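The data block below is structure_12.csv; it holds CSV, C-alpha atoms.
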```csv
chain,number,residue,atom,x,y,z
A,237,MET,CA,20.4,18.1,71.2
A,238,SER,CA,23.8,17.5,69.6
A,239,ARG,CA,24.2,15.4,66.5
A,240,ALA,CA,26.2,12.8,68.4
A,241,ARG,CA,23.5,12.4,71.0
A,242,ARG,CA,20.9,12.0,68.3
A,243,LEU,CA,22.9,9.3,66.6
A,244,VAL,CA,23.3,7.5,69.9
A,245,GLY,CA,19.6,7.7,70.6
A,246,ALA,CA,18.8,6.4,67.1
A,247,GLY,CA,21.2,3.6,67.6
A,248,ILE,CA,19.6,2.6,70.9
A,249,VAL,CA,16.2,2.6,69.2
A,250,VAL,CA,17.4,0.4,66.3
A,251,VAL,CA,19.1,-2.1,68.6
A,252,GLY,CA,16.0,-2.2,70.8
A,253,ALA,CA,13.8,-2.8,67.8
A,254,ALA,CA,16.1,-5.5,66.6
A,255,ALA,CA,16.1,-7.2,70.0
A,256,VAL,CA,12.3,-7.2,70.1
A,257,ALA,CA,12.0,-8.5,66.6
A,258,GLY,CA,14.6,-11.2,67.3
A,259,TRP,CA,12.7,-12.2,70.5
A,260,PHE,CA,9.4,-12.7,68.5
A,261,LEU,CA,11.1,-14.4,65.6
A,262,SER,CA,12.8,-16.9,67.9
A,263,ALA,CA,9.7,-17.8,69.8
A,264,PRO,CA,8.5,-21.4,69.6
A,265,VAL,CA,5.7,-22.0,67.1
A,266,ARG,CA,2.8,-23.8,68.6
A,267,LEU,CA,1.0,-26.7,67.0
A,268,ASP,CA,-2.0,-25.7,65.0
A,269,ALA,CA,-5.5,-26.9,65.7
A,270,ALA,CA,-5.6,-29.3,62.8
A,271,THR,CA,-2.5,-31.1,64.0
A,272,LEU,CA,-3.8,-31.3,67.6
A,273,ALA,CA,-7.1,-32.7,66.3
A,274,GLY,CA,-5.1,-35.4,64.4
A,275,LEU,CA,-3.6,-36.8,67.5
A,276,HIS,CA,-5.3,-39.9,68.9
A,277,PRO,CA,-4.6,-42.6,71.6
A,278,GLY,CA,-2.2,-44.4,69.2
A,279,ASP,CA,-1.6,-48.0,68.1
A,280,ALA,CA,1.6,-49.4,69.6
A,281,THR,CA,1.8,-52.1,66.9
A,282,LYS,CA,1.8,-49.5,64.1
A,283,GLY,CA,4.1,-47.4,66.3
A,284,GLU,CA,6.8,-50.1,66.3
A,285,ARG,CA,7.0,-49.7,62.5
A,286,ILE,CA,7.7,-46.0,62.8
A,287,PHE,CA,10.1,-46.6,65.6
A,288,ASN,CA,12.1,-48.9,63.3
A,289,ALA,CA,11.9,-46.6,60.3
A,290,GLY,CA,13.2,-43.7,62.5
A,291,GLY,CA,16.0,-45.8,64.0
A,292,CYS,CA,15.3,-44.5,67.4
A,293,VAL,CA,17.5,-47.1,69.1
A,294,SER,CA,20.6,-45.9,67.1
A,295,CYS,CA,20.7,-42.7,69.1
A,296,HIS,CA,18.8,-43.3,72.3
A,297,ALA,CA,19.9,-46.8,73.3
A,298,ARG,CA,22.7,-47.0,75.8
A,299,PRO,CA,26.0,-47.0,73.8
A,300,LYS,CA,27.1,-50.5,72.8
A,301,ALA,CA,23.9,-52.1,74.1
A,302,GLU,CA,22.9,-55.4,72.5
A,303,GLY,CA,19.7,-57.5,72.3
A,304,GLU,CA,16.7,-56.5,74.4
A,305,ALA,CA,18.9,-53.9,76.1
A,306,ARG,CA,18.7,-51.8,73.0
A,307,LEU,CA,15.1,-51.0,74.0
A,308,GLU,CA,16.3,-49.3,77.1
A,309,LEU,CA,16.3,-45.8,75.8
A,310,VAL,CA,18.5,-44.2,78.4
A,311,GLY,CA,20.5,-42.1,75.8
A,312,GLY,CA,24.1,-41.1,76.2
A,313,VAL,CA,25.3,-41.3,72.7
A,314,GLN,CA,27.7,-38.5,71.9
A,315,LEU,CA,27.4,-36.8,68.5
A,316,LYS,CA,30.5,-34.8,67.8
A,317,THR,CA,29.9,-32.1,65.3
A,318,PRO,CA,31.5,-28.7,64.2
A,319,PHE,CA,29.0,-27.0,66.5
A,320,GLY,CA,30.0,-29.0,69.6
A,321,THR,CA,29.2,-32.4,71.1
A,322,PHE,CA,25.5,-33.2,71.5
A,323,VAL,CA,24.5,-35.9,74.0
A,324,THR,CA,21.3,-37.8,73.3
A,325,PRO,CA,18.7,-37.7,76.1
A,326,ASN,CA,16.9,-40.4,78.0
A,327,ILE,CA,13.5,-41.0,76.2
A,328,SER,CA,12.5,-44.0,78.3
A,329,GLN,CA,9.3,-44.0,80.4
A,330,ASP,CA,11.2,-43.0,83.5
A,331,PRO,CA,9.1,-40.1,85.0
A,332,LYS,CA,12.1,-38.2,86.3
A,333,ASP,CA,14.9,-38.7,83.8
A,334,GLY,CA,12.9,-39.7,80.7
A,335,ILE,CA,9.6,-38.7,79.1
A,336,GLY,CA,7.3,-40.8,81.4
A,337,THR,CA,5.3,-37.7,82.3
A,338,TRP,CA,4.9,-36.3,78.8
A,339,SER,CA,1.5,-36.0,77.3
A,340,PRO,CA,0.8,-36.9,73.7
A,341,GLN,CA,0.7,-33.2,72.9
A,342,ASP,CA,4.1,-32.7,74.6
A,343,PHE,CA,5.5,-35.5,72.4
A,344,ALA,CA,4.0,-34.1,69.2
A,345,TYR,CA,5.3,-30.7,70.0
A,346,ALA,CA,8.8,-32.1,70.3
A,347,MET,CA,8.6,-34.3,67.2
A,348,LEU,CA,6.9,-31.8,64.9
A,349,ARG,CA,8.2,-28.4,66.2
A,350,GLY,CA,11.4,-29.3,68.1
A,351,VAL,CA,10.2,-27.8,71.3
A,352,ALA,CA,10.4,-29.4,74.8
A,353,PRO,CA,7.4,-29.4,77.2
A,354,ASP,CA,8.9,-26.4,79.1
A,355,GLY,CA,8.9,-24.4,75.9
A,356,THR,CA,12.6,-24.4,75.2
A,357,HIS,CA,13.9,-25.2,71.7
A,358,LEU,CA,15.5,-28.6,71.1
A,359,TYR,CA,18.7,-28.8,69.2
A,360,PRO,CA,18.3,-30.1,65.6
A,361,ALA,CA,20.7,-32.9,66.3
A,362,PHE,CA,17.3,-34.4,67.0
A,363,PRO,CA,16.1,-34.6,63.4
A,364,TYR,CA,12.7,-32.9,63.9
A,365,THR,CA,13.3,-31.0,60.6
A,366,SER,CA,12.4,-34.4,59.0
A,367,TYR,CA,9.9,-35.5,61.6
A,368,ALA,CA,8.0,-32.3,60.9
A,369,ARG,CA,6.8,-34.1,57.8
A,370,MET,CA,5.2,-36.9,59.8
A,371,THR,CA,1.4,-37.3,60.2
A,372,PRO,CA,-0.1,-36.7,63.6
A,373,ALA,CA,-1.4,-40.3,63.5
A,374,ASP,CA,2.1,-41.7,63.1
A,375,VAL,CA,3.4,-39.5,65.9
A,376,SER,CA,0.6,-40.8,68.1
A,377,ASP,CA,1.4,-44.4,67.2
A,378,LEU,CA,5.0,-43.9,67.9
A,379,PHE,CA,4.2,-42.4,71.3
A,380,ALA,CA,2.0,-45.4,72.1
A,381,TYR,CA,4.8,-47.8,71.3
A,382,LEU,CA,7.3,-45.9,73.4
A,383,LYS,CA,4.8,-46.3,76.3
A,384,THR,CA,5.3,-50.1,76.1
A,385,LEU,CA,9.1,-49.8,76.6
A,386,PRO,CA,10.8,-49.9,80.0
A,387,ALA,CA,11.4,-47.0,82.3
A,388,ILE,CA,15.2,-46.6,82.9
A,389,ALA,CA,16.6,-44.1,85.4
A,390,GLY,CA,19.7,-42.1,84.5
A,391,LYS,CA,20.3,-38.8,82.9
A,392,PRO,CA,23.2,-38.5,80.4
A,393,GLY,CA,25.5,-35.5,80.8
A,394,PRO,CA,24.7,-32.2,79.1
A,395,SER,CA,25.7,-31.3,75.6
A,396,GLN,CA,28.9,-29.4,75.3
A,397,LEU,CA,28.5,-26.4,72.9
A,398,SER,CA,30.4,-23.1,72.6
A,399,PHE,CA,28.9,-19.6,72.2
A,400,PRO,CA,26.7,-18.8,70.4
A,401,PHE,CA,25.4,-22.3,69.8
A,402,ASN,CA,24.7,-22.8,73.5
A,403,ILE,CA,21.9,-20.2,73.3
A,404,ARG,CA,18.8,-22.2,72.6
A,405,ARG,CA,16.6,-19.2,71.9
A,406,GLY,CA,18.5,-18.5,68.7
A,407,ILE,CA,17.4,-21.9,67.3
A,408,GLY,CA,14.0,-20.3,66.8
A,409,VAL,CA,15.4,-18.1,64.1
A,410,TRP,CA,17.2,-21.1,62.6
A,411,LYS,CA,13.9,-22.9,62.4
A,412,ARG,CA,12.4,-20.1,60.4
A,413,LEU,CA,14.9,-21.0,57.7
A,414,TYR,CA,15.0,-24.8,57.9
A,415,LEU,CA,11.9,-26.2,59.6
A,416,ASP,CA,9.3,-27.0,56.9
A,417,SER,CA,6.6,-29.7,56.9
A,418,ALA,CA,6.3,-29.6,53.1
A,419,PRO,CA,7.8,-32.4,51.0
A,420,VAL,CA,11.3,-31.6,49.7
A,421,PHE,CA,10.1,-31.8,46.1
A,422,GLN,CA,6.7,-32.3,44.4
A,423,LEU,CA,6.2,-35.6,42.8
A,424,ALA,CA,4.4,-35.8,39.5
A,425,ALA,CA,0.6,-36.0,39.8
A,426,ASP,CA,0.7,-39.5,38.3
A,427,ALA,CA,3.5,-40.8,40.6
A,428,PRO,CA,2.9,-44.4,41.7
A,429,GLU,CA,1.6,-44.9,45.2
A,430,ALA,CA,4.8,-46.8,46.1
A,431,VAL,CA,6.9,-43.7,45.3
A,432,ARG,CA,4.6,-41.6,47.4
A,433,ALA,CA,4.9,-44.0,50.3
A,434,GLY,CA,8.7,-44.1,49.9
A,435,GLN,CA,8.8,-40.3,49.9
A,436,TYR,CA,7.0,-40.2,53.2
A,437,LEU,CA,9.3,-42.8,54.8
A,438,VAL,CA,12.6,-41.2,53.5
A,439,GLU,CA,11.7,-37.6,54.0
A,440,GLY,CA,9.8,-38.1,57.3
A,441,PRO,CA,10.5,-40.7,59.9
A,442,GLY,CA,13.4,-42.3,58.1
A,443,HIS,CA,15.2,-38.8,58.0
A,444,CYS,CA,17.6,-40.0,55.4
A,445,GLY,CA,18.3,-36.5,54.2
A,446,GLU,CA,19.8,-35.5,57.6
A,447,CYS,CA,23.0,-37.5,56.8
A,448,HIS,CA,22.9,-37.8,53.0
A,449,THR,CA,22.3,-34.2,52.1
A,450,PRO,CA,25.0,-31.4,52.2
A,451,ARG,CA,24.5,-28.6,54.8
A,452,SER,CA,24.9,-24.9,54.7
A,453,PHE,CA,27.3,-23.0,56.9
A,454,ALA,CA,24.4,-22.6,59.4
A,455,GLY,CA,23.8,-26.4,59.5
A,456,GLY,CA,20.6,-26.6,57.5
A,457,THR,CA,20.2,-29.1,54.7
A,458,ILE,CA,20.6,-27.8,51.1
A,459,LYS,CA,17.5,-29.0,49.5
A,460,GLY,CA,18.8,-28.3,46.0
A,461,GLU,CA,21.3,-31.1,46.5
A,462,TRP,CA,18.9,-33.5,48.2
A,463,LEU,CA,20.5,-36.9,49.0
A,464,ALA,CA,23.6,-36.0,47.0
A,465,GLY,CA,25.9,-37.1,49.8
A,466,ALA,CA,27.7,-35.0,52.3
A,467,VAL,CA,30.8,-34.7,54.5
A,468,ALA,CA,30.0,-36.8,57.6
A,469,ALA,CA,29.0,-34.7,60.7
A,470,GLU,CA,31.4,-36.8,62.7
A,471,GLY,CA,34.9,-37.7,61.7
A,472,GLU,CA,36.5,-37.1,58.3
A,473,GLY,CA,34.5,-39.5,56.2
A,474,VAL,CA,31.7,-38.9,53.7
A,475,VAL,CA,28.1,-40.1,53.5
A,476,PRO,CA,27.4,-41.4,50.0
A,477,ASN,CA,25.3,-39.9,47.3
A,478,ILE,CA,22.1,-42.0,47.0
A,479,THR,CA,20.7,-40.3,43.9
A,480,SER,CA,21.1,-41.5,40.4
A,481,GLY,CA,23.6,-38.7,39.6
A,482,GLU,CA,27.3,-39.1,38.9
A,483,GLY,CA,28.9,-40.8,41.9
A,484,GLY,CA,25.6,-42.1,43.2
A,485,ILE,CA,23.6,-45.3,42.9
A,486,GLY,CA,22.3,-44.8,39.4
A,487,ASP,CA,23.4,-48.3,38.3
A,488,TRP,CA,21.5,-49.9,41.2
A,489,SER,CA,18.0,-51.1,40.4
A,490,ALA,CA,15.1,-50.6,42.8
A,491,ALA,CA,15.4,-54.3,43.6
A,492,ASP,CA,19.1,-53.8,44.4
A,493,ILE,CA,18.2,-51.0,46.8
A,494,ALA,CA,15.5,-53.0,48.5
A,495,SER,CA,17.8,-56.0,48.8
A,496,TYR,CA,20.5,-53.9,50.3
A,497,LEU,CA,18.2,-52.5,52.9
A,498,GLU,CA,17.2,-56.0,53.9
A,499,SER,CA,20.5,-57.9,53.7
A,500,GLY,CA,23.2,-55.3,54.0
A,501,PHE,CA,24.9,-56.4,50.8
A,502,THR,CA,25.4,-54.2,47.7
A,503,PRO,CA,24.9,-55.5,44.2
A,504,ASP,CA,28.7,-56.1,44.1
A,505,PHE,CA,28.5,-58.2,47.3
A,506,ASP,CA,30.2,-55.6,49.4
A,507,SER,CA,28.7,-55.3,52.9
A,508,VAL,CA,27.3,-52.3,54.7
A,509,GLY,CA,29.7,-50.4,56.9
A,510,GLY,CA,30.1,-47.5,59.3
A,511,ALA,CA,27.1,-45.7,60.7
A,512,MET,CA,24.9,-47.3,58.0
A,513,VAL,CA,25.2,-50.7,59.7
A,514,GLU,CA,22.6,-49.7,62.4
A,515,VAL,CA,20.4,-47.9,59.8
A,516,GLN,CA,20.3,-51.0,57.6
A,517,GLN,CA,19.5,-53.2,60.7
A,518,ASN,CA,16.6,-51.0,61.4
A,519,MET,CA,15.4,-51.0,57.8
A,520,ALA,CA,15.6,-54.8,57.8
A,521,ARG,CA,12.8,-54.8,60.4
A,522,LEU,CA,10.4,-53.0,58.0
A,523,THR,CA,8.1,-54.9,55.7
A,524,PRO,CA,9.2,-55.8,52.2
A,525,GLU,CA,6.6,-53.3,50.9
A,526,ASP,CA,8.2,-50.5,52.9
A,527,ARG,CA,11.7,-51.3,51.6
A,528,GLU,CA,10.4,-51.5,48.1
A,529,ALA,CA,8.7,-48.1,48.5
A,530,ILE,CA,11.9,-46.5,49.7
A,531,ALA,CA,13.7,-48.0,46.7
A,532,ALA,CA,11.0,-46.7,44.3
A,533,TYR,CA,11.3,-43.2,45.8
A,534,LEU,CA,15.1,-43.1,45.6
A,535,LYS,CA,14.9,-44.0,41.9
A,536,ALA,CA,12.6,-41.1,41.4
A,537,VAL,CA,14.7,-38.5,43.2
A,538,PRO,CA,16.3,-36.0,40.8
A,539,PRO,CA,19.9,-36.9,40.2
A,540,HIS,CA,22.7,-34.8,41.6
A,541,PRO,CA,26.5,-35.1,41.4
A,542,ASN,CA,28.3,-35.8,44.7
A,543,GLY,CA,27.5,-33.2,47.3
A,544,TYR,CA,30.9,-33.4,49.0
A,545,PRO,CA,34.4,-32.4,47.9
A,546,ALA,CA,36.3,-35.0,45.9
A,547,ARG,CA,38.5,-37.1,48.1
A,548,LYS,CA,42.2,-36.9,47.6
A,549,PRO,CA,43.7,-40.1,46.2
A,550,GLU,CA,45.6,-42.2,48.6
A,551,SER,CA,49.4,-41.8,48.2
```
Could you show the structure in this file as structure tokens?
Amino acid sequence: MSRARRLVGAGIVVVGAAAVAGWFLSAPVRLDAATLAGLHPGDATKGERIFNAGGCVSCHARPKAEGEARLELVGGVQLKTPFGTFVTPNISQDPKDGIGTWSPQDFAYAMLRGVAPDGTHLYPAFPYTSYARMTPADVSDLFAYLKTLPAIAGKPGPSQLSFPFNIRRGIGVWKRLYLDSAPVFQLAADAPEAVRAGQYLVEGPGHCGECHTPRSFAGGTIKGEWLAGAVAAEGEGVVPNITSGEGGIGDWSAADIASYLESGFTPDFDSVGGAMVEVQQNMARLTPEDREAIAAYLKAVPPHPNGYPARKPES
């Protein structure tokens, strides 16, 4: 056999081995037995709290819906990002277009692993990288609450993504890098209970880091700059630094933060704006204790300078 033919043969073997490895590395990771055992019938009243903490209506209500219509979770919001335009799905109880036929296990698989009932990977525009830190009990309660909401027919259009981002299987490899159920950082052993409760809300259902943390070229959050602010995924704006670092909210007290989440007014009497308007409205529906816990956690987060490039001064 000639040297050239041996090289071609070796190349084929290497490519084949890489393809097999990639296939296994990109496979969906199933829920473990302990997580499945933690699922229960769910409490819809408790689930409403998680629904508000997660701001589900902000992405899944019909665009520009108001009042009770915001609970018609037909989807259709377009999220325009550097990777393409993601269109949020119908998560109402409609059996054909929504999630009306999903089982609790199906729902948990989507929330905690980012996998649809048919085994395909969900795009991380759905913030399961944060929801992965939720407890099975809270996932069950959220599912129970969603069951109380109306079934609305209608399937939004598909997401518009270019190659290679339109290949869902590749998201499995991405998850190996960025999907982790562990807390972002370890609190001190003597951390107050309020701080621990706030960590759970911020890092889990509240998914604050999805917008307030810089991202790598591959789209994963850079945990070493947790909550340091970031370039907005949509448009040309920035999402602010909410740590106590330079450019952040270090001069805000915990009471200031809790008040802002309830009222929408900053300590300087400026009002909430942009995409944060809906987030604040959702946070206002939480209990005072929840908002105080979020504030306590944000004051405990390690300080970071702004995680986005300095804005050019206006001419």
In Å and to one decimal, atom CA of Gly274 of chain A is distant from atom CA of Pro340 of chain A by 11.1 Å
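The space between atom CA of Leu358 of chain A and atom CA of Tyr533 of chain A spans 29.5 Å.
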Residue neighbourhood Pro400 of chain A, 10 Å, all atoms listed in the file, exclusion window fewer than 4 positions, as number ranges by chain: A: 319, 404, 406
Record the distance separating atom CA of Ala418 of chain A and atom CA of Leu497 of chain A, expressed in Å with one decimal. 25.8 Å
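Closest to Glu528 of chain A among A:Val438, A:Val508, A:Leu309, A:Leu382 is A:Val438, based on only C-alpha atoms.
Comparing the minimum interatomic distances between Gly460 of chain A and each of A:Ala529, A:Val537, A:Leu275, A:Ala433, counting all atoms listed in the file, we find that A:Val537 sits nearest.
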For the point (-1.3, -37.3, 76.2) in file coordinates, what residues are within 12 Å, counting only C-alpha atoms? Give the answer as a PDB file with C-alpha atoms, in the coordinates of the input?
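Okay, out_26.pdb is ready:
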```pdb
ATOM      1  CA  LEU A 272      -3.800 -31.300  67.600  1.00  0.00           C
ATOM      2  CA  LEU A 275      -3.600 -36.800  67.500  1.00  0.00           C
ATOM      3  CA  HIS A 276      -5.300 -39.900  68.900  1.00  0.00           C
ATOM      4  CA  PRO A 277      -4.600 -42.600  71.600  1.00  0.00           C
ATOM      5  CA  GLY A 278      -2.200 -44.400  69.200  1.00  0.00           C
ATOM      6  CA  ILE A 335       9.600 -38.700  79.100  1.00  0.00           C
ATOM      7  CA  GLY A 336       7.300 -40.800  81.400  1.00  0.00           C
ATOM      8  CA  THR A 337       5.300 -37.700  82.300  1.00  0.00           C
ATOM      9  CA  TRP A 338       4.900 -36.300  78.800  1.00  0.00           C
ATOM     10  CA  SER A 339       1.500 -36.000  77.300  1.00  0.00           C
ATOM     11  CA  PRO A 340       0.800 -36.900  73.700  1.00  0.00           C
ATOM     12  CA  GLN A 341       0.700 -33.200  72.900  1.00  0.00           C
ATOM     13  CA  ASP A 342       4.100 -32.700  74.600  1.00  0.00           C
ATOM     14  CA  PHE A 343       5.500 -35.500  72.400  1.00  0.00           C
ATOM     15  CA  ALA A 344       4.000 -34.100  69.200  1.00  0.00           C
ATOM     16  CA  TYR A 345       5.300 -30.700  70.000  1.00  0.00           C
ATOM     17  CA  PRO A 353       7.400 -29.400  77.200  1.00  0.00           C
ATOM     18  CA  VAL A 375       3.400 -39.500  65.900  1.00  0.00           C
ATOM     19  CA  SER A 376       0.600 -40.800  68.100  1.00  0.00           C
ATOM     20  CA  ASP A 377       1.400 -44.400  67.200  1.00  0.00           C
ATOM     21  CA  PHE A 379       4.200 -42.400  71.300  1.00  0.00           C
ATOM     22  CA  ALA A 380       2.000 -45.400  72.100  1.00  0.00           C
ATOM     23  CA  LYS A 383       4.800 -46.300  76.300  1.00  0.00           C
TER      24      LYS A 383
END
```
What are the closest atom pairs, with distances in Å to one decimal, for each residue of segment 510-543 of chain A lying within 12 Å of segment 283-287 of chain A, using all atoms listed in the file, rows by chain and rising residue number, as a tab-separated table?
```
residue	atom	partner	partner_atom	distance
A:Val515	CA	A:Phe287	CA	11.9
A:Asn518	CA	A:Phe287	CA	8.9
A:Met519	CA	A:Arg285	CA	9.7
A:Ala520	CA	A:Arg285	CA	11.0
A:Arg521	CA	A:Arg285	CA	8.0
A:Leu522	CA	A:Arg285	CA	6.5
A:Thr523	CA	A:Arg285	CA	8.6
A:Asp526	CA	A:Arg285	CA	9.7
A:Arg527	CA	A:Arg285	CA	12.0
```
Can you tell me which residues surround Lys332 of chain A at a distance of at most 10 Å, considering all atoms listed in the file, apart from same-chain residues fewer than 2 positions away, and format the answer as a compact mmCIF listing (two decimals) with C-alpha atoms, in the frame of the given file?
```txt
# COMPACT_ATOMS: atom_id res chain seq x y z
CA ASN A 326 16.90 -40.40 78.00
CA SER A 328 12.50 -44.00 78.30
CA GLN A 329 9.30 -44.00 80.40
CA ASP A 330 11.20 -43.00 83.50
CA GLY A 334 12.90 -39.70 80.70
CA ILE A 335 9.60 -38.70 79.10
CA GLY A 336 7.30 -40.80 81.40
CA THR A 337 5.30 -37.70 82.30
CA ALA A 387 11.40 -47.00 82.30
CA ILE A 388 15.20 -46.60 82.90
CA ALA A 389 16.60 -44.10 85.40
CA GLY A 390 19.70 -42.10 84.50
CA LYS A 391 20.30 -38.80 82.90
```
So that each row is one residue of segment 425-466 of chain A with an atom at most 10 Å from segment 480-483 of chain A, can you give its shortest atom pair and the distance in Å to one decimal, using all atoms listed in the file, rows by chain and rising number, as JSON lines?
```
{"residue": "A:Leu463", "atom": "CA", "partner": "A:Ser480", "partner_atom": "CA", "distance": 9.8}
{"residue": "A:Ala464", "atom": "CA", "partner": "A:Gly481", "partner_atom": "CA", "distance": 7.9}
{"residue": "A:Gly465", "atom": "CA", "partner": "A:Gly483", "partner_atom": "CA", "distance": 9.2}
```
Taking 5 positions as the minimum chain separation for residues in the same chain, which residues sit within 10 Å of Tyr436 of chain A when counting only C-alpha atoms? Answer as a PDB file with C-alpha atoms, in the coordinates of the input.
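New file out37.pdb:
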```
ATOM      1  CA  SER A 366      12.400 -34.400  59.000  1.00  0.00           C
ATOM      2  CA  ARG A 369       6.800 -34.100  57.800  1.00  0.00           C
ATOM      3  CA  MET A 370       5.200 -36.900  59.800  1.00  0.00           C
ATOM      4  CA  THR A 371       1.400 -37.300  60.200  1.00  0.00           C
ATOM      5  CA  PRO A 419       7.800 -32.400  51.000  1.00  0.00           C
ATOM      6  CA  ALA A 430       4.800 -46.800  46.100  1.00  0.00           C
ATOM      7  CA  VAL A 431       6.900 -43.700  45.300  1.00  0.00           C
ATOM      8  CA  PRO A 441      10.500 -40.700  59.900  1.00  0.00           C
ATOM      9  CA  GLY A 442      13.400 -42.300  58.100  1.00  0.00           C
ATOM     10  CA  HIS A 443      15.200 -38.800  58.000  1.00  0.00           C
ATOM     11  CA  ALA A 529       8.700 -48.100  48.500  1.00  0.00           C
ATOM     12  CA  ILE A 530      11.900 -46.500  49.700  1.00  0.00           C
ATOM     13  CA  TYR A 533      11.300 -43.200  45.800  1.00  0.00           C
TER      14      TYR A 533
END
```
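Taking only C-alpha atoms into account, Ser398 of chain A lies nearest to A:Thr321 out of the set A:Thr321, A:Arg412, A:Trp462, A:Pro538.
Selection around (13.3, -48.9, 71.2) with radius 9 Å, counting only C-alpha atoms, yields the residues Glu284, Phe287, Asn288, Gly291, Cys292, Val293, Ser294, His296, Ala297, Glu304, Ala305, Arg306, Leu307, Glu308, Leu309, Ser328, Tyr381, Leu382 and Leu385 of chain A.
For the set A:Phe421, A:Trp488, A:Trp410, A:Tyr496, the residue with the smallest atom-to-atom gap to His357 of chain A is A:Trp410, counting all atoms listed in the file.
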Taking all atoms listed in the file into account, which of A:Ala425, A:Val409, A:Leu534, A:Cys444 comes nearest Gly290 of chain A? A:Cys444
Please provide as a PyMOL selection string all residues within 12 Å of Thr317 of chain A, with the sequence filter that same-chain residues fewer than 5 positions apart are discarded (counting only C-alpha atoms). chain A and resi 322-323+360-361+395-398+401+455+467-472
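Minimum distance to Ala373 of chain A across A:Lys535, A:Arg405, A:Lys282, A:His540 (counting only C-alpha atoms) occurs at A:Lys282.
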